[in-house]
Amino acid sequence: MLTPLYASNEDQIQHNETVINLDDVRDNSHIANHPVGHSVFKFDNNTRLNGNKYSNGTLKINNQSELENFSFTKWEDPLGLCSSALECTANFSTGWKDRTSIQLSTNNTGSKQWKIVGQEVGVKPKERYEFVIHIKQNKWATQSHVDLEGFNETSKQWQHRFDQCPSVGVSGPIEWQEFRCGITIIENIYKIRPVLVPGWSSQQNEPAETWFDSIYLQKFKPFLSDANLKTEVVSQGLKYPVSMAFLGPNDFLVAENNGTVKRILNGVALDKPLLSLVVTGDGLLGIAIDKTNNMSKGVAEGPTYVFLYFVTPKENQTGDSRAEKLMANRLYRYEFVNNSLLNPKLILDLPGGFYHNGGPILIAPDKNSLYLPVGDTENEKYQVIASKALNNKTGKEPDGTGGILRVTLDGKPVNETALGDKFPTSLYFSYGLRQSFGIDIDPVTGKLWDTENGASWGDEINLIEQGFNGGWNKVQGMWRDHVRDNRFNDNDIAYNPSDLVDFDGKGKYRTPEFTWKYTVGPTALKFLTSDKLGREYQNDMFVGDVNYGRIYHFKLSENRTEIALTRPLADKVADTDSELSDIVFAGGFGIITDLKVGPDGYLYFVAHSEGKIYKIIPRV
């Protein structure tokens, strides 16, 4: 999450423009601040550069009069940085797939981030776009990226950096590289503009040089990679749905972030919610249903349990951090009776955090236990309280956060303890977890898998054995500690096992089965247990994401202990977005937060940002 900051008054000043067309300037022409106002350099629509035509921010409009694509070709220097802090060049010797780019150089070695501002473009709140940029850097350039600013219609100010691409700044040296970032337009924003941020120099008296080229915005369009399949909207008009669970055919419950639980019958939500919880922070996060009914004799035996996991205000003001004093993570069990959720039973009462509270609830196939991933519960400053469960040897004892917990349906420790006999250490099935939105059990082997969100990079898919150590916060992805320095180099490939906590040999670190170098925000993970979409998909793994509204399709190896990957993913790392093309099953559906297999055998998914539930079915 990014905390909104507002632009200074200086950013709001309107200047007279001096436009410099690139066909009027010589190669590598320096852009200086002009007396009449701030400098503007643009790739003009009538300019032909080395045989490549550049559009001047031309809009492509579809039948619904919505923005489809916008190329940012005009850049302004509102603060006169090109004649002071930066050296700005219209470069004709290097570019993305041509020889034209904007080159920004600085000798600044501080962390102050200068900026060059792009054109404004109209958008609508909640719309989803893919923001594409191309960057090249020399070896001293540090933390270069492109920010996105939005004009807030309520405050009438430009809101500083509601998103950025890539999600963490990059540091050189790198040759031309493409970055694709999914963005969601936030509330009250109807105009956005990109801001080039060249970062700073890592070495005194050495110029940090960053080249930017071919920057554009395009609206996400939903798609499926398999032409034999299609999507169908099952329910819509929901308010930030986050998870779903089936009661029966065409009958399911939906958990919304605001604390409401709704029942959807034949695609229609009942007039009143089944439950409205008092929530705070991340809100209502997970729902699961255990139907212990035995209808073999035509008589229901035992209750239908509904489990809910949510962040709620804390009654007593105790805890090690402000977050723990204000909020708690709680798992409750309700009984579903006559269209009501009754007899709440507190199963787990855990420390809460401002961020990374976990989410999904998974009931084991034997119905004797459930799994619950709980993140590192960061505080309001994105800081983690040191804990042995998070591989801090001098930290506090495990408190139920930073791992996948396994308990009975009554909240008791399972007899097979992973890390120790003392509560709450006895609840841990695995540890070293930063934040997970997805877990499921392989129907063939019975082994547990999860997704994990990295610290702006290094997202993971893991095979979870009992005692599994995910490595956080010493190891993330294929890289080692110091994740907050946001740099990738050769030293980041190794880690020191002695730095990790092993609970007297009960815990063991295992490298991820798959890693995204640059974050996609993986969420739900589900094995498709039916052949309703075709036998080629049966028992395969599907994973949703936040950034692109995608669903990824993974096949497992023959012994099903690894993901079957071929080049360029044979190294288990997606270094660029283009490397993912063979495993993208669907995309453009907004923020996907849950995947489920329905009683009909089809794959359902929750589109959180769209307020919709979809299912994937064959084309007839």
# chains A, B, ... in the order shown; residues from 1 in each chain; ligands from 1
$ closest_atom_pairs --of "stretch 107-152 of chain A" --to "stretch 586-591 of chain A" --cutoff "10 Å" --atoms "only C-alpha atoms" --output "CSV"
residue,atom,partner,partner_atom,distance
A:Lys126,CA,A:Gly590,CA,9.0
A:Glu127,CA,A:Gly590,CA,8.3
A:Arg128,CA,A:Gly590,CA,6.2
A:Tyr129,CA,A:Gly588,CA,8.5
A:Glu130,CA,A:Gly588,CA,8.9
$ residues_around --residues "A:Phe542" --least-positions-apart "4" --cutoff "7 Å" --atoms "only C-alpha atoms" --output "list in words"
Leu525, Lys526, Phe527, Ile551, Tyr552, His553 and Phe554 of chain A
$ write_last_selection --atoms "N, CA and C atoms" --output "compact mmCIF listing (two decimals), in the first residue's frame"
# COMPACT_ATOMS: atom_id res chain seq x y z
N LEU A 525 -4.79 -19.67 -4.82
CA LEU A 525 -4.19 -20.84 -5.46
C LEU A 525 -5.21 -21.97 -5.38
N LYS A 526 -5.48 -22.63 -6.52
CA LYS A 526 -6.49 -23.69 -6.55
C LYS A 526 -6.12 -24.79 -7.53
N PHE A 527 -6.30 -26.04 -7.09
CA PHE A 527 -6.16 -27.18 -7.98
C PHE A 527 -7.54 -27.49 -8.58
N ILE A 551 -5.05 -15.05 -14.27
CA ILE A 551 -4.99 -16.39 -13.70
C ILE A 551 -3.89 -17.13 -14.43
N TYR A 552 -2.94 -17.68 -13.67
CA TYR A 552 -1.83 -18.43 -14.24
C TYR A 552 -2.12 -19.92 -14.14
N HIS A 553 -1.66 -20.66 -15.13
CA HIS A 553 -1.90 -22.10 -15.21
C HIS A 553 -0.56 -22.83 -15.11
N PHE A 554 -0.44 -23.69 -14.11
CA PHE A 554 0.80 -24.45 -13.90
C PHE A 554 0.51 -25.95 -13.91
$ residues_around --residues "stretch 214-230 of chain A" --least-positions-apart "4" --cutoff "9 Å" --atoms "only C-alpha atoms" --output "ChimeraX atom specification"
/A:57,66-73,95-96,101,127-134,182,194,533,548-550,584-590,615-620
$ residues_around --residues "A:Ile363" --least-positions-apart "2" --cutoff "12 Å" --atoms "only C-alpha atoms" --output "number ranges by chain"
A: 245, 286-292, 305-307, 360-361, 365-372, 405-409, 439-441, 448
$ residues_around --residues "A:His145" --least-positions-apart "3" --cutoff "7 Å" --atoms "only C-alpha atoms" --output "mmCIF file with all heavy atoms, in the first residue's frame"
data_model
loop_
_atom_site.group_PDB
_atom_site.id
_atom_site.type_symbol
_atom_site.label_atom_id
_atom_site.label_comp_id
_atom_site.auth_asym_id
_atom_site.auth_seq_id
_atom_site.Cartn_x
_atom_site.Cartn_y
_atom_site.Cartn_z
ATOM 1 N N CYS A 165 5.739 2.415 -11.432
ATOM 2 C CA CYS A 165 6.139 1.291 -12.279
ATOM 3 C C CYS A 165 7.634 1.388 -12.579
ATOM 4 O O CYS A 165 8.098 2.455 -13.011
ATOM 5 C CB CYS A 165 5.341 1.307 -13.579
ATOM 6 S SG CYS A 165 5.583 -0.148 -14.629
ATOM 7 N N PRO A 166 8.422 0.316 -12.348
ATOM 8 C CA PRO A 166 7.988 -0.899 -11.659
ATOM 9 C C PRO A 166 7.677 -0.607 -10.203
ATOM 10 O O PRO A 166 7.980 0.478 -9.707
ATOM 11 C CB PRO A 166 9.186 -1.829 -11.811
ATOM 12 C CG PRO A 166 10.353 -0.924 -11.954
ATOM 13 C CD PRO A 166 9.856 0.268 -12.712
ATOM 14 N N GLY A 169 11.784 0.671 -7.459
ATOM 15 C CA GLY A 169 12.729 1.278 -8.392
ATOM 16 C C GLY A 169 13.840 0.316 -8.782
ATOM 17 O O GLY A 169 14.216 -0.572 -8.016
ATOM 18 N N VAL A 170 14.376 0.489 -9.988
ATOM 19 C CA VAL A 170 15.427 -0.398 -10.476
ATOM 20 C C VAL A 170 16.763 0.329 -10.446
ATOM 21 O O VAL A 170 16.829 1.554 -10.509
ATOM 22 C CB VAL A 170 15.117 -0.907 -11.900
ATOM 23 C CG1 VAL A 170 13.922 -1.820 -11.891
ATOM 24 C CG2 VAL A 170 14.892 0.243 -12.858
ATOM 25 N N LEU A 196 8.516 10.984 -14.674
ATOM 26 C CA LEU A 196 9.787 10.285 -14.813
ATOM 27 C C LEU A 196 10.647 10.584 -13.590
ATOM 28 O O LEU A 196 10.889 11.744 -13.258
ATOM 29 C CB LEU A 196 10.519 10.733 -16.077
ATOM 30 C CG LEU A 196 9.755 10.636 -17.400
ATOM 31 C CD1 LEU A 196 10.656 11.074 -18.553
ATOM 32 C CD2 LEU A 196 9.233 9.229 -17.629
ATOM 33 N N VAL A 197 11.111 9.522 -12.923
ATOM 34 C CA VAL A 197 11.948 9.685 -11.730
ATOM 35 C C VAL A 197 13.301 9.017 -12.006
ATOM 36 O O VAL A 197 13.398 7.784 -11.983
ATOM 37 C CB VAL A 197 11.283 9.056 -10.491
ATOM 38 C CG1 VAL A 197 12.159 9.268 -9.254
ATOM 39 C CG2 VAL A 197 9.899 9.653 -10.271
ATOM 40 N N PRO A 198 14.352 9.803 -12.290
ATOM 41 C CA PRO A 198 15.645 9.206 -12.642
ATOM 42 C C PRO A 198 16.465 8.730 -11.457
ATOM 43 O O PRO A 198 17.548 8.188 -11.635
ATOM 44 C CB PRO A 198 16.354 10.353 -13.355
ATOM 45 C CG PRO A 198 15.785 11.586 -12.744
ATOM 46 C CD PRO A 198 14.348 11.266 -12.427
#
$ select_by_dssp --residues "stretch 268-496 of chain A" --states "alpha helix (DSSP H)" --output "MDAnalysis selection string"
chainID A and resid 322:326
$ write_last_selection --atoms "N, CA, C and O atoms" --output "PDB file, in the first residue's frame"
ATOM      1  N   ARG A 322       1.524  -0.581  18.354  1.00  0.00           N
ATOM      2  CA  ARG A 322       0.266   0.156  18.258  1.00  0.00           C
ATOM      3  C   ARG A 322      -0.796  -0.684  17.567  1.00  0.00           C
ATOM      4  O   ARG A 322      -1.971  -0.664  17.945  1.00  0.00           O
ATOM      5  N   ALA A 323      -0.390  -1.434  16.541  1.00  0.00           N
ATOM      6  CA  ALA A 323      -1.345  -2.281  15.828  1.00  0.00           C
ATOM      7  C   ALA A 323      -1.946  -3.328  16.759  1.00  0.00           C
ATOM      8  O   ALA A 323      -3.155  -3.548  16.777  1.00  0.00           O
ATOM      9  N   GLU A 324      -1.091  -3.974  17.570  1.00  0.00           N
ATOM     10  CA  GLU A 324      -1.580  -5.009  18.489  1.00  0.00           C
ATOM     11  C   GLU A 324      -2.498  -4.425  19.558  1.00  0.00           C
ATOM     12  O   GLU A 324      -3.401  -5.091  20.053  1.00  0.00           O
ATOM     13  N   LYS A 325      -2.266  -3.168  19.911  1.00  0.00           N
ATOM     14  CA  LYS A 325      -3.122  -2.533  20.909  1.00  0.00           C
ATOM     15  C   LYS A 325      -4.484  -2.176  20.337  1.00  0.00           C
ATOM     16  O   LYS A 325      -5.473  -2.116  21.061  1.00  0.00           O
ATOM     17  N   LEU A 326      -4.527  -1.934  19.036  1.00  0.00           N
ATOM     18  CA  LEU A 326      -5.763  -1.460  18.416  1.00  0.00           C
ATOM     19  C   LEU A 326      -6.590  -2.567  17.775  1.00  0.00           C
ATOM     20  O   LEU A 326      -7.809  -2.461  17.686  1.00  0.00           O
TER      21      LEU A 326
END
$ residues_around --residues "A:Ile461" --least-positions-apart "3" --cutoff "10 Å" --atoms "only C-alpha atoms" --output "compact mmCIF listing (two decimals) with N, CA, C and O atoms, in the first residue's frame"
# COMPACT_ATOMS: atom_id res chain seq x y z
N SER A 436 0.38 -14.29 2.69
CA SER A 436 -0.17 -15.25 1.74
C SER A 436 -1.66 -15.02 1.56
O SER A 436 -2.39 -14.80 2.53
N GLY A 438 -3.17 -17.31 -0.72
CA GLY A 438 -3.61 -18.52 -1.41
C GLY A 438 -2.97 -19.78 -0.89
O GLY A 438 -1.74 -19.88 -0.78
N ILE A 439 -3.79 -20.78 -0.54
CA ILE A 439 -3.30 -22.10 -0.17
C ILE A 439 -4.29 -23.14 -0.69
O ILE A 439 -5.48 -22.90 -0.77
N TRP A 449 0.28 -26.40 -0.89
CA TRP A 449 1.00 -25.39 -1.66
C TRP A 449 0.47 -24.02 -1.25
O TRP A 449 -0.67 -23.90 -0.80
N ASP A 450 1.33 -22.99 -1.41
CA ASP A 450 0.86 -21.64 -1.12
C ASP A 450 1.46 -20.62 -2.07
O ASP A 450 2.42 -20.92 -2.80
N THR A 451 0.86 -19.43 -2.09
CA THR A 451 1.46 -18.27 -2.75
C THR A 451 1.92 -17.32 -1.66
O THR A 451 1.37 -17.30 -0.56
N GLU A 452 2.95 -16.53 -1.97
CA GLU A 452 3.43 -15.54 -1.01
C GLU A 452 3.79 -14.25 -1.73
O GLU A 452 4.45 -14.26 -2.76
N ASN A 453 3.34 -13.13 -1.17
CA ASN A 453 3.66 -11.81 -1.71
C ASN A 453 5.02 -11.36 -1.19
O ASN A 453 5.27 -11.34 0.02
N ILE A 464 4.65 -26.75 0.60
CA ILE A 464 4.75 -26.62 2.06
C ILE A 464 4.71 -27.98 2.73
O ILE A 464 3.67 -28.64 2.78
N GLY A 477 12.01 -14.77 -2.26
CA GLY A 477 12.25 -15.20 -3.63
C GLY A 477 13.53 -16.01 -3.70
O GLY A 477 13.81 -16.85 -2.86
N THR A 511 13.77 -23.58 -1.07
CA THR A 511 13.62 -22.50 -2.06
C THR A 511 12.26 -22.61 -2.74
O THR A 511 11.68 -23.70 -2.83
N PRO A 512 11.73 -21.49 -3.21
CA PRO A 512 10.42 -21.50 -3.87
C PRO A 512 10.41 -22.37 -5.11
O PRO A 512 11.43 -22.57 -5.77
N GLU A 513 9.24 -22.89 -5.44
CA GLU A 513 9.07 -23.64 -6.67
C GLU A 513 8.89 -22.72 -7.87
O GLU A 513 9.05 -23.13 -9.02
N PHE A 514 8.53 -21.47 -7.59
CA PHE A 514 8.42 -20.47 -8.66
C PHE A 514 8.51 -19.09 -8.03
O PHE A 514 8.01 -18.87 -6.92
N THR A 515 9.17 -18.16 -8.76
CA THR A 515 9.34 -16.79 -8.27
C THR A 515 9.11 -15.80 -9.41
O THR A 515 9.60 -15.98 -10.52
N TRP A 516 8.33 -14.76 -9.11
CA TRP A 516 8.24 -13.59 -9.99
C TRP A 516 9.26 -12.57 -9.49
O TRP A 516 9.19 -12.13 -8.34
N PRO A 522 0.55 -12.26 -6.30
CA PRO A 522 -0.22 -13.50 -6.41
C PRO A 522 -1.21 -13.63 -5.26
O PRO A 522 -0.93 -13.24 -4.12
N LEU A 525 -4.79 -19.67 -4.82
CA LEU A 525 -4.19 -20.84 -5.46
C LEU A 525 -5.21 -21.97 -5.38
O LEU A 525 -5.76 -22.24 -4.31
N VAL A 543 -3.46 -19.96 -10.33
CA VAL A 543 -3.10 -18.91 -9.38
C VAL A 543 -3.58 -17.57 -9.91
O VAL A 543 -3.35 -17.23 -11.08
N ILE A 563 6.99 -27.65 -10.05
CA ILE A 563 6.20 -27.16 -11.17
C ILE A 563 6.94 -27.49 -12.45
O ILE A 563 8.16 -27.29 -12.54
N LYS A 572 12.99 -21.35 -12.85
CA LYS A 572 11.98 -21.10 -11.82
C LYS A 572 11.77 -19.62 -11.51
O LYS A 572 11.11 -19.29 -10.52
$ closest_residue --among "A:Leu86, A:Ile613, A:Leu348, A:Ala255" --to "A:Asn107" --atoms "only C-alpha atoms"
A:Leu86
$ select_by_dssp --residues "stretch 111-279 of chain A" --states "strand (DSSP E or B)" --output "ChimeraX atom specification"
/A:116-118,121-122,128-137,141-142,144-152,157-170,174-184,189-197,200-201,208-219,223-224,229-235,241-248,251-256,260-265,268-269,275-276
$ closest_atom_pairs --of "stretch 429-483 of chain A" --to "stretch 575-579 of chain A" --cutoff "12 Å" --atoms "only C-alpha atoms" --output "Markdown table"
| residue | atom | partner | partner_atom | distance |
| --- | --- | --- | --- | --- |
| A:Trp457 | CA | A:Asp575 | CA | 10.5 |
| A:Gly458 | CA | A:Asp575 | CA | 9.9 |
| A:Asp459 | CA | A:Asp575 | CA | 11.4 |
| A:Gly477 | CA | A:Asp575 | CA | 11.6 |
| A:Met478 | CA | A:Asp575 | CA | 11.3 |
$ closest_residue --among "A:Asp531, A:Asn316, A:Glu178, A:Arg193" --to "A:Asp147" --atoms "only C-alpha atoms"
A:Arg193
